[in-house]
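**Student:** Input file: data-v6.cif. Contents: mmCIF, C-alpha atoms.
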data_target
loop_
_atom_site.label_atom_id
_atom_site.label_comp_id
_atom_site.auth_asym_id
_atom_site.auth_seq_id
_atom_site.Cartn_x
_atom_site.Cartn_y
_atom_site.Cartn_z
CA MET A 1 0.00 0.00 0.00
CA ARG A 2 1.30 3.45 -0.90
CA LEU A 3 0.94 5.84 2.05
CA ALA A 4 1.66 9.56 2.27
CA VAL A 5 2.61 11.02 5.65
CA GLU A 6 2.59 14.63 6.81
CA HIS A 7 3.68 15.28 10.38
CA ARG A 8 3.95 18.87 11.60
CA THR A 9 5.04 19.92 15.07
CA THR A 10 4.94 23.60 16.01
CA TYR A 11 6.53 25.04 19.15
CA ARG A 12 5.67 28.54 20.29
CA TYR A 13 7.69 30.27 23.03
CA GLU A 14 6.78 33.03 25.45
CA PRO A 15 9.01 34.93 25.86
CA PRO A 16 10.91 34.11 22.66
CA ALA A 17 13.58 31.48 23.28
CA HIS A 18 17.22 31.41 22.30
CA GLY A 19 19.87 28.73 22.27
CA LEU A 20 17.45 26.02 21.12
CA ALA A 21 18.68 22.47 20.55
CA LEU A 22 16.59 19.61 19.14
CA ARG A 23 17.26 15.90 18.60
CA LEU A 24 15.22 14.67 15.64
CA ARG A 25 14.39 11.02 14.99
CA LEU A 26 11.89 11.68 12.23
CA TYR A 27 13.36 9.64 9.39
CA ALA A 28 11.51 6.60 8.09
CA VAL A 29 13.84 3.83 6.92
CA ASN A 30 13.55 0.77 4.71
CA THR A 31 12.52 -2.43 6.47
CA ALA A 32 11.10 -5.80 5.49
CA GLN A 33 7.66 -4.14 5.64
CA GLN A 34 8.22 -0.72 4.12
CA GLN A 35 10.11 0.91 1.28
CA VAL A 36 10.69 4.64 1.61
CA LEU A 37 9.94 6.30 -1.74
CA ASP A 38 10.82 9.82 -0.61
CA TRP A 39 11.15 11.49 2.78
CA GLN A 40 12.22 14.90 4.00
CA VAL A 41 12.50 16.68 7.33
CA ARG A 42 12.41 20.47 7.54
CA VAL A 43 12.76 22.92 10.41
CA ASN A 44 11.34 26.38 9.74
CA GLY A 45 11.26 25.51 6.05
CA GLU A 46 14.91 24.47 5.79
CA PRO A 47 15.83 20.82 5.05
CA VAL A 48 17.55 18.98 7.88
CA ARG A 49 19.51 15.88 6.99
CA PRO A 50 20.55 13.13 9.40
CA LEU A 51 23.85 13.75 11.14
CA PHE A 52 24.53 10.09 11.86
CA THR A 53 22.94 6.66 12.12
CA THR A 54 22.57 5.24 15.62
CA ALA A 55 23.88 1.85 16.72
CA PHE A 56 20.31 0.63 16.21
CA GLY A 57 20.35 1.59 12.53
CA GLU A 58 18.10 4.65 12.74
CA PRO A 59 19.03 8.11 11.39
CA GLU A 60 19.21 11.00 13.80
CA ALA A 61 19.70 14.73 13.33
CA LEU A 62 20.68 17.52 15.69
CA TRP A 63 19.35 21.03 15.11
CA PHE A 64 20.70 24.13 16.85
CA GLN A 65 19.50 27.71 16.75
CA ALA A 66 21.46 30.43 18.52
CA ARG A 67 19.23 33.35 17.63
CA THR A 68 15.95 34.12 19.39
CA GLU A 69 12.86 32.34 18.04
CA GLU A 70 9.17 32.80 18.79
CA THR A 71 8.11 29.78 16.71
CA VAL A 72 9.80 26.61 15.52
CA GLU A 73 7.96 24.43 12.99
CA ILE A 74 9.19 20.90 12.29
CA GLU A 75 7.83 18.95 9.34
CA ALA A 76 8.42 15.33 8.38
CA ALA A 77 6.77 14.29 5.13
CA GLY A 78 7.12 11.56 2.58
CA ARG A 79 5.74 8.52 0.84
CA VAL A 80 6.18 4.90 1.88
CA LEU A 81 5.25 1.67 0.13
CA THR A 82 4.17 -0.89 2.73
CA SER A 83 3.87 -4.66 2.40
CA ASP A 84 2.40 -7.37 4.60
CA ALA A 85 5.17 -9.41 6.21
CA ALA A 86 2.97 -10.48 9.15
CA GLY A 87 4.84 -8.11 11.40
CA VAL A 88 8.20 -9.81 10.87
CA LEU A 89 11.13 -7.43 10.42
CA GLY A 90 13.69 -10.24 10.66
CA ARG A 91 17.18 -10.37 12.08
CA GLU A 92 19.46 -7.43 12.81
CA ILE A 93 23.20 -7.65 13.31
CA ARG A 94 23.85 -4.22 14.80
CA VAL A 95 23.26 -5.03 18.48
CA ARG A 96 22.51 -8.12 20.49
CA PRO A 97 18.75 -8.43 21.15
CA GLY A 98 19.42 -9.14 24.82
CA ILE A 99 20.08 -5.44 25.40
CA TYR A 100 16.30 -5.00 25.17
CA LEU A 101 15.76 -7.08 28.28
CA ARG A 102 16.80 -4.02 30.27
CA ASP A 103 13.98 -2.51 32.32
CA THR A 104 13.25 1.19 32.42
CA ALA A 105 11.18 3.23 34.87
CA LEU A 106 8.25 3.10 32.45
CA THR A 107 8.44 -0.61 31.63
CA GLU A 108 9.47 -2.30 34.87
CA ALA A 109 7.17 -5.21 35.77
CA ASP A 110 5.48 -5.66 39.15
CA GLU A 111 3.25 -8.40 40.57
CA ALA A 112 0.28 -7.28 38.46
CA VAL A 113 2.27 -7.44 35.23
CA GLU A 114 3.70 -10.82 36.22
CA ALA A 115 0.18 -12.05 36.97
CA LEU A 116 -0.82 -11.07 33.43
CA VAL A 117 2.07 -13.16 32.10
CA GLU A 118 1.15 -16.12 34.31
CA SER A 119 -2.40 -16.03 32.97
CA LEU A 120 -1.12 -16.91 29.50
CA ALA A 121 -0.82 -20.47 28.30
CA PRO A 122 2.57 -22.16 28.85
CA ALA A 123 5.15 -21.74 26.09
CA GLU A 124 5.05 -25.34 24.89
CA ASP A 125 5.50 -24.26 21.26
CA GLY A 126 7.98 -21.49 21.98
CA PRO A 127 7.46 -17.79 22.81
CA LEU A 128 5.62 -16.74 19.64
CA PRO A 129 2.18 -18.13 20.58
CA ARG A 130 2.48 -16.53 24.03
CA LEU A 131 3.37 -13.18 22.49
CA HIS A 132 0.28 -13.33 20.29
CA ALA A 133 -1.76 -14.29 23.37
CA LEU A 134 -0.22 -11.37 25.26
CA ASN A 135 -1.17 -9.01 22.45
CA THR A 136 -4.77 -10.21 22.66
CA ALA A 137 -4.86 -10.14 26.47
CA ILE A 138 -3.74 -6.50 26.59
CA HIS A 139 -6.21 -5.57 23.87
CA GLU A 140 -9.04 -7.18 25.83
CA THR A 141 -7.91 -5.97 29.26
CA LEU A 142 -7.39 -2.27 28.59
CA ASP A 143 -9.85 0.34 27.42
CA TYR A 144 -8.50 2.91 24.96
CA ARG A 145 -9.15 6.15 26.79
CA ALA A 146 -7.32 9.45 26.30
CA GLY A 147 -6.56 11.73 29.22
CA VAL A 148 -6.24 9.13 31.99
CA THR A 149 -2.46 8.75 31.60
CA ASP A 150 0.51 10.95 30.73
CA ALA A 151 4.14 10.61 29.68
CA THR A 152 5.18 9.41 33.15
CA THR A 153 2.61 6.60 33.52
CA THR A 154 4.27 3.23 34.09
CA ALA A 155 3.21 -0.22 32.95
CA PRO A 156 2.01 -1.27 36.44
CA GLN A 157 -0.03 1.93 36.71
CA VAL A 158 -1.66 1.12 33.37
CA VAL A 159 -2.73 -2.28 34.74
CA ALA A 160 -4.24 -0.59 37.79
CA LEU A 161 -6.06 1.99 35.66
CA GLY A 162 -7.27 -0.55 33.12
CA ALA A 163 -7.08 2.12 30.44
CA GLY A 164 -4.70 4.26 28.46
CA VAL A 165 -3.50 5.17 24.97
CA CYS A 166 -1.19 3.45 22.50
CA GLN A 167 1.91 4.42 24.49
CA ASP A 168 0.52 2.65 27.54
CA TYR A 169 -0.48 -0.47 25.61
CA ALA A 170 3.04 -0.69 24.22
CA HIS A 171 4.70 -0.17 27.61
CA LEU A 172 2.60 -2.93 29.13
CA PHE A 173 3.42 -5.32 26.29
CA ILE A 174 7.14 -4.56 26.67
CA ALA A 175 7.09 -5.02 30.45
CA ALA A 176 5.27 -8.34 30.14
CA ALA A 177 7.49 -9.60 27.32
CA ARG A 178 10.64 -8.79 29.28
CA ALA A 179 9.12 -10.58 32.28
CA MET A 180 8.88 -13.58 29.94
CA GLU A 181 12.62 -13.14 29.18
CA VAL A 182 11.78 -12.00 25.65
CA PRO A 183 13.62 -8.88 24.40
CA ALA A 184 11.15 -6.15 23.52
CA ARG A 185 11.32 -2.54 22.38
CA TYR A 186 9.04 0.45 21.84
CA VAL A 187 8.23 1.66 18.31
CA VAL A 188 6.77 4.99 17.26
CA GLY A 189 5.32 5.57 13.83
CA TYR A 190 2.15 6.33 11.93
CA LEU A 191 -1.13 4.52 11.29
CA HIS A 192 -3.46 4.81 8.34
CA ASP A 193 -6.86 4.50 10.02
CA ALA A 194 -9.73 6.96 9.66
CA GLU A 195 -11.10 5.78 13.00
CA ALA A 196 -7.85 6.38 14.91
CA PRO A 197 -7.50 9.37 17.26
CA PRO A 198 -6.93 12.43 15.09
CA GLY A 199 -3.64 14.24 14.70
CA GLU A 200 -1.43 11.73 16.52
CA THR A 201 1.49 9.44 15.93
CA HIS A 202 0.99 5.78 16.80
CA ALA A 203 2.99 3.39 18.96
CA TRP A 204 3.40 -0.36 19.20
CA ALA A 205 6.00 -2.89 20.35
CA GLU A 206 8.47 -5.31 18.78
CA ALA A 207 9.66 -8.54 20.37
CA HIS A 208 12.63 -10.70 19.37
CA VAL A 209 11.96 -14.38 18.72
CA GLU A 210 14.90 -16.68 18.14
CA GLY A 211 14.96 -17.90 14.55
CA LEU A 212 12.56 -15.22 13.29
CA GLY A 213 14.08 -12.00 14.52
CA TRP A 214 12.04 -8.93 15.42
CA ILE A 215 8.25 -9.10 15.17
CA GLY A 216 5.83 -6.21 15.65
CA PHE A 217 2.76 -6.36 17.88
CA ASP A 218 0.06 -3.68 18.07
CA PRO A 219 -2.08 -4.45 21.14
CA VAL A 220 -4.35 -1.45 20.55
CA HIS A 221 -5.72 -3.16 17.43
CA ASN A 222 -4.71 -6.74 18.34
CA VAL A 223 -2.73 -7.13 15.11
CA CYS A 224 0.82 -7.42 13.87
CA PRO A 225 1.76 -4.22 12.01
CA ALA A 226 1.35 -4.61 8.27
CA LEU A 227 0.06 -2.48 5.41
CA THR A 228 -1.33 0.38 7.48
CA HIS A 229 1.68 0.96 9.76
CA VAL A 230 4.67 3.19 8.97
CA ARG A 231 7.65 2.62 11.25
CA LEU A 232 9.69 5.63 12.36
CA ALA A 233 11.95 5.02 15.37
CA SER A 234 12.43 2.64 18.29
CA GLY A 235 13.86 2.59 21.80
CA PHE A 236 13.64 1.06 25.25
CA ASP A 237 10.45 3.03 25.95
CA ALA A 238 8.51 6.06 24.76
CA ALA A 239 10.95 8.55 26.23
CA ASP A 240 13.88 6.85 24.52
CA ALA A 241 12.09 6.57 21.15
CA ALA A 242 10.67 10.12 21.13
CA PRO A 243 10.80 11.56 17.58
CA ILE A 244 11.62 15.03 18.94
CA ARG A 245 13.51 15.92 22.10
CA GLY A 246 15.11 19.20 23.03
CA THR A 247 16.46 21.62 25.59
CA LEU A 248 14.93 24.93 26.61
CA HIS A 249 16.10 27.69 28.95
CA PRO A 250 14.20 27.98 32.26
CA GLY A 251 11.47 30.59 32.47
CA VAL A 252 10.23 30.10 28.92
CA GLU A 253 6.69 28.80 28.42
CA GLU A 254 6.28 26.42 25.50
CA SER A 255 3.08 25.57 23.64
CA LEU A 256 3.06 22.56 21.37
CA THR A 257 0.79 21.76 18.42
CA VAL A 258 1.02 18.48 16.53
CA SER A 259 -0.76 17.62 13.30
CA VAL A 260 -0.45 14.23 11.60
CA SER A 261 -2.16 12.94 8.49
CA VAL A 262 -1.64 9.58 6.80
CA THR A 263 -3.38 9.18 3.46
CA GLY A 264 -3.76 6.01 1.44
CA PRO A 265 -4.44 5.21 -2.20
CA ASP A 266 -8.19 5.73 -1.82
CA ALA A 267 -8.01 9.06 -0.04
CA GLY A 268 -7.72 11.19 -3.16
CA GLY A 269 -4.81 13.06 -1.62
CA GLN A 270 -6.94 14.32 1.24
CA PRO A 271 -6.27 13.69 4.95
CA PRO A 272 -8.25 10.83 6.50
CA ALA A 273 -11.58 11.63 8.10
CA GLY A 274 -11.15 13.34 11.44
CA SER A 275 -7.54 14.44 10.85
CA GLN A 276 -6.81 17.52 12.90
CA ALA A 277 -4.30 19.00 15.30
CA GLN A 278 -3.75 18.48 19.01
CA SER A 279 -2.30 21.10 21.33
CA GLN A 280 -0.77 21.40 24.77
CA THR A 281 1.11 23.97 26.79
CA ARG A 282 4.02 23.49 29.16
CA SER A 283 6.77 25.52 30.73
#
For this file, produce the structure as structure tokens.

**Tutor:**
Amino acid sequence: MRLAVEHRTTYRYEPPAHGLALRLRLYAVNTAQQQVLDWQVRVNGEPVRPLFTTAFGEPEALWFQARTEETVEIEAAGRVLTSDAAGVLGREIRVRPGIYLRDTALTEADEAVEALVESLAPAEDGPLPRLHALNTAIHETLDYRAGVTDATTTAPQVVALGAGVCQDYAHLFIAAARAMEVPARYVVGYLHDAEAPPGETHAWAEAHVEGLGWIGFDPVHNVCPALTHVRLASGFDAADAAPIRGTLHPGVEESLTVSVSVTGPDAGGQPPAGSQAQSQTRS
């Protein structure tokens, strides 16, 4: 499926900020499930090219601005041809998968997460059937509900709340998979779905299965990512995989607006139904 992505992030500063620095992980790459046809990242209208490729094989750019700015607009846009590989990305030789057994503050398991794992059928046929069962269990256990969690919500807290957004589903899957001694990582990207929450990126998880390599799992939709998913970046958790991170001088209030549209071959070049922007303010 040919998908077109437009992702705009606008920061506004009061008072105007100076000495801005941004880390950008906004570059889609070729995988077993997607071929990047064209892709560009711009900041305030100027192209920004990757500075280096990380040890995990993902491009990263650093953007600095010494002069004072009231507004910074970041745009990632391009076209990707996706294929259905049943979620299988395959093997990677850059780093040992075992590094993704490392817990983080957001993905550390507790008794509730371990109980979720224990409720799954034994791994008589290897870890893959249990990972699919875990994907389904999280899908059936949690309610998708915006506003009940934030960027600091941990996997155990998600279990207690019984609700969250895609970030929380992914964190819970990762915590449970690592409790099963299966390496797992967080993935951020885009989803072509007119019924999805408007104006947002999407998140899912990938787990490493010996003999198959990395496999994607999207517990929000209880599927393995395929034609409708565009992969962007990965990490140990959402904070590590964030497409944009930066530094800001104290005393400056920042407002953030994000607009994402993912159009498919039947969209006639128009954003999917319900596509709009989301905003927040922080200081």

**Student:** Taking the file as shown, find all residues satisfying the PyMOL selection byres ((chain A and resi 99) around 10) and write them as a ChimeraX atom specification.

**Tutor:** /A:95-98,100-103,183-185,236

**Student:** Written as a CSV table (one decimal) with C-alpha atoms, in the frame of the given file, what is the full residue list that the PyMOL selection byres ((chain A and resi 168) around 10) yields on the file shown?

**Tutor:**
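After the write, selection.csv holds the following:
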chain,number,residue,atom,x,y,z
A,106,LEU,CA,8.2,3.1,32.4
A,107,THR,CA,8.4,-0.6,31.6
A,142,LEU,CA,-7.4,-2.3,28.6
A,144,TYR,CA,-8.5,2.9,25.0
A,149,THR,CA,-2.5,8.8,31.6
A,150,ASP,CA,0.5,11.0,30.7
A,151,ALA,CA,4.1,10.6,29.7
A,152,THR,CA,5.2,9.4,33.2
A,153,THR,CA,2.6,6.6,33.5
A,154,THR,CA,4.3,3.2,34.1
A,155,ALA,CA,3.2,-0.2,33.0
A,156,PRO,CA,2.0,-1.3,36.4
A,157,GLN,CA,0.0,1.9,36.7
A,158,VAL,CA,-1.7,1.1,33.4
A,159,VAL,CA,-2.7,-2.3,34.7
A,163,ALA,CA,-7.1,2.1,30.4
A,164,GLY,CA,-4.7,4.3,28.5
A,165,VAL,CA,-3.5,5.2,25.0
A,166,CYS,CA,-1.2,3.4,22.5
A,167,GLN,CA,1.9,4.4,24.5
A,169,TYR,CA,-0.5,-0.5,25.6
A,170,ALA,CA,3.0,-0.7,24.2
A,171,HIS,CA,4.7,-0.2,27.6
A,172,LEU,CA,2.6,-2.9,29.1
A,173,PHE,CA,3.4,-5.3,26.3
A,174,ILE,CA,7.1,-4.6,26.7
A,203,ALA,CA,3.0,3.4,19.0
A,204,TRP,CA,3.4,-0.4,19.2
A,219,PRO,CA,-2.1,-4.4,21.1
A,220,VAL,CA,-4.4,-1.4,20.6
A,238,ALA,CA,8.5,6.1,24.8

**Student:** Grab the atom CA of Ile74 of chain A to atom CA of His7 of chain A distance for me, in Å with one decimal place.

**Tutor:**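 Interatomic distance, atom CA of Ile74 of chain A to atom CA of His7 of chain A: 8.1 Å.
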
**Student:** Using all atoms listed in the file, what residues lie at most 9 Å away from (9.9, 5.0, 21.4) (file coordinates), given as number ranges by chain?

**Tutor:** A: 167, 185-189, 203-205, 233-243

**Student:** Can you tell me how far atom CA of Ala61 of chain A sits from atom CA of Leu24 of chain A, in Å to one decimal?

**Tutor:**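 Result for atom CA of Ala61 of chain A versus atom CA of Leu24 of chain A: 5.0 Å, one decimal.
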
**Student:** Need the shell around Glu210 of chain A: protein/DNA/RNA residues with any atom at most 10 Å away, counting all atoms listed in the file. Skip same-chain ones fewer than 6 positions apart. Format as a PyMOL selection string?

**Tutor:** chain A and resi 90-91+97+126-128+182

**Student:** Starting from the displayed file, determine the output of the PyMOL selection byres ((chain A and resi 48-59) around 9) and express the residue list as a list in words.

**Tutor:** Leu24, Arg25, Leu26, Tyr27, Ala28, Val29, Gln40, Val41, Arg42, Val43, Glu46, Pro47, Glu60, Ala61, Leu62, Trp63, Glu92, Arg94, Val95, Leu232, Ala233, Ser234 and Gly235 of chain A

**Student:** So the first atom is atom CA of Leu256 of chain A and the second is atom CA of Glu200 of chain A; what is the distance between them in Å, to one decimal place?

**Tutor:** 12.7 Å

**Student:** Check the smallest atom-to-atom distance from each of A:Arg12, A:Arg79, A:Arg178, A:Arg145 to Thr257 of chain A using only C-alpha atoms, then report the winner.

**Tutor:**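 Smallest distance to Thr257 of chain A is found for A:Arg12.
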
**Student:** At a cut-off of 10 Å, using only C-alpha atoms, what residues contact segment 129-135 of chain A? Leave out same-chain residues fewer than 3 positions from it and give the result as a PyMOL selection string.

**Tutor:** chain A and resi 116-117+119-126+138-140+169-170+172-173+176-177+180+182+205+207+209+215+217-224

**Student:** Residues near Leu20 of chain A, anyone? I mean within 9 Å using all atoms listed in the file, not counting same-chain ones fewer than 3 positions away, as a list in words.

**Tutor:** Ala17, Trp63, Phe64, Gln65, Ala66, Arg67, Thr68, Glu69, Gly246, Thr247, Leu248 and His249 of chain A

**Student:** Restricted to C-alpha atoms, what would the selected residues look like written as a PDB file, keeping the file's coordinate frame?

**Tutor:**
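Generated output (selection34.pdb):
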ATOM      1  CA  ALA A  17      13.580  31.480  23.280  1.00  0.00           C
ATOM      2  CA  TRP A  63      19.350  21.030  15.110  1.00  0.00           C
ATOM      3  CA  PHE A  64      20.700  24.130  16.850  1.00  0.00           C
ATOM      4  CA  GLN A  65      19.500  27.710  16.750  1.00  0.00           C
ATOM      5  CA  ALA A  66      21.460  30.430  18.520  1.00  0.00           C
ATOM      6  CA  ARG A  67      19.230  33.350  17.630  1.00  0.00           C
ATOM      7  CA  THR A  68      15.950  34.120  19.390  1.00  0.00           C
ATOM      8  CA  GLU A  69      12.860  32.340  18.040  1.00  0.00           C
ATOM      9  CA  GLY A 246      15.110  19.200  23.030  1.00  0.00           C
ATOM     10  CA  THR A 247      16.460  21.620  25.590  1.00  0.00           C
ATOM     11  CA  LEU A 248      14.930  24.930  26.610  1.00  0.00           C
ATOM     12  CA  HIS A 249      16.100  27.690  28.950  1.00  0.00           C
TER      13      HIS A 249
END

**Student:** Could you put an axis-aligned box around every listed atom of segment 255-267 of chain A, padded by 5 Å on each side, and send me its centre and edge lengths in Å to one decimal, as AutoDock Vina command-line options?

**Tutor:**
--center_x -2.6 --center_y 15.4 --center_z 10.7 --size_x 21.3 --size_y 30.4 --size_z 35.8

**Student:** Measuring atom to atom with all atoms listed in the file, identify which of A:Glu114, A:Arg8, A:Ala21, A:Ala105 is nearest to Ala77 of chain A.

**Tutor:**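 Using all atoms listed in the file, Ala77 of chain A sits closest to A:Arg8.
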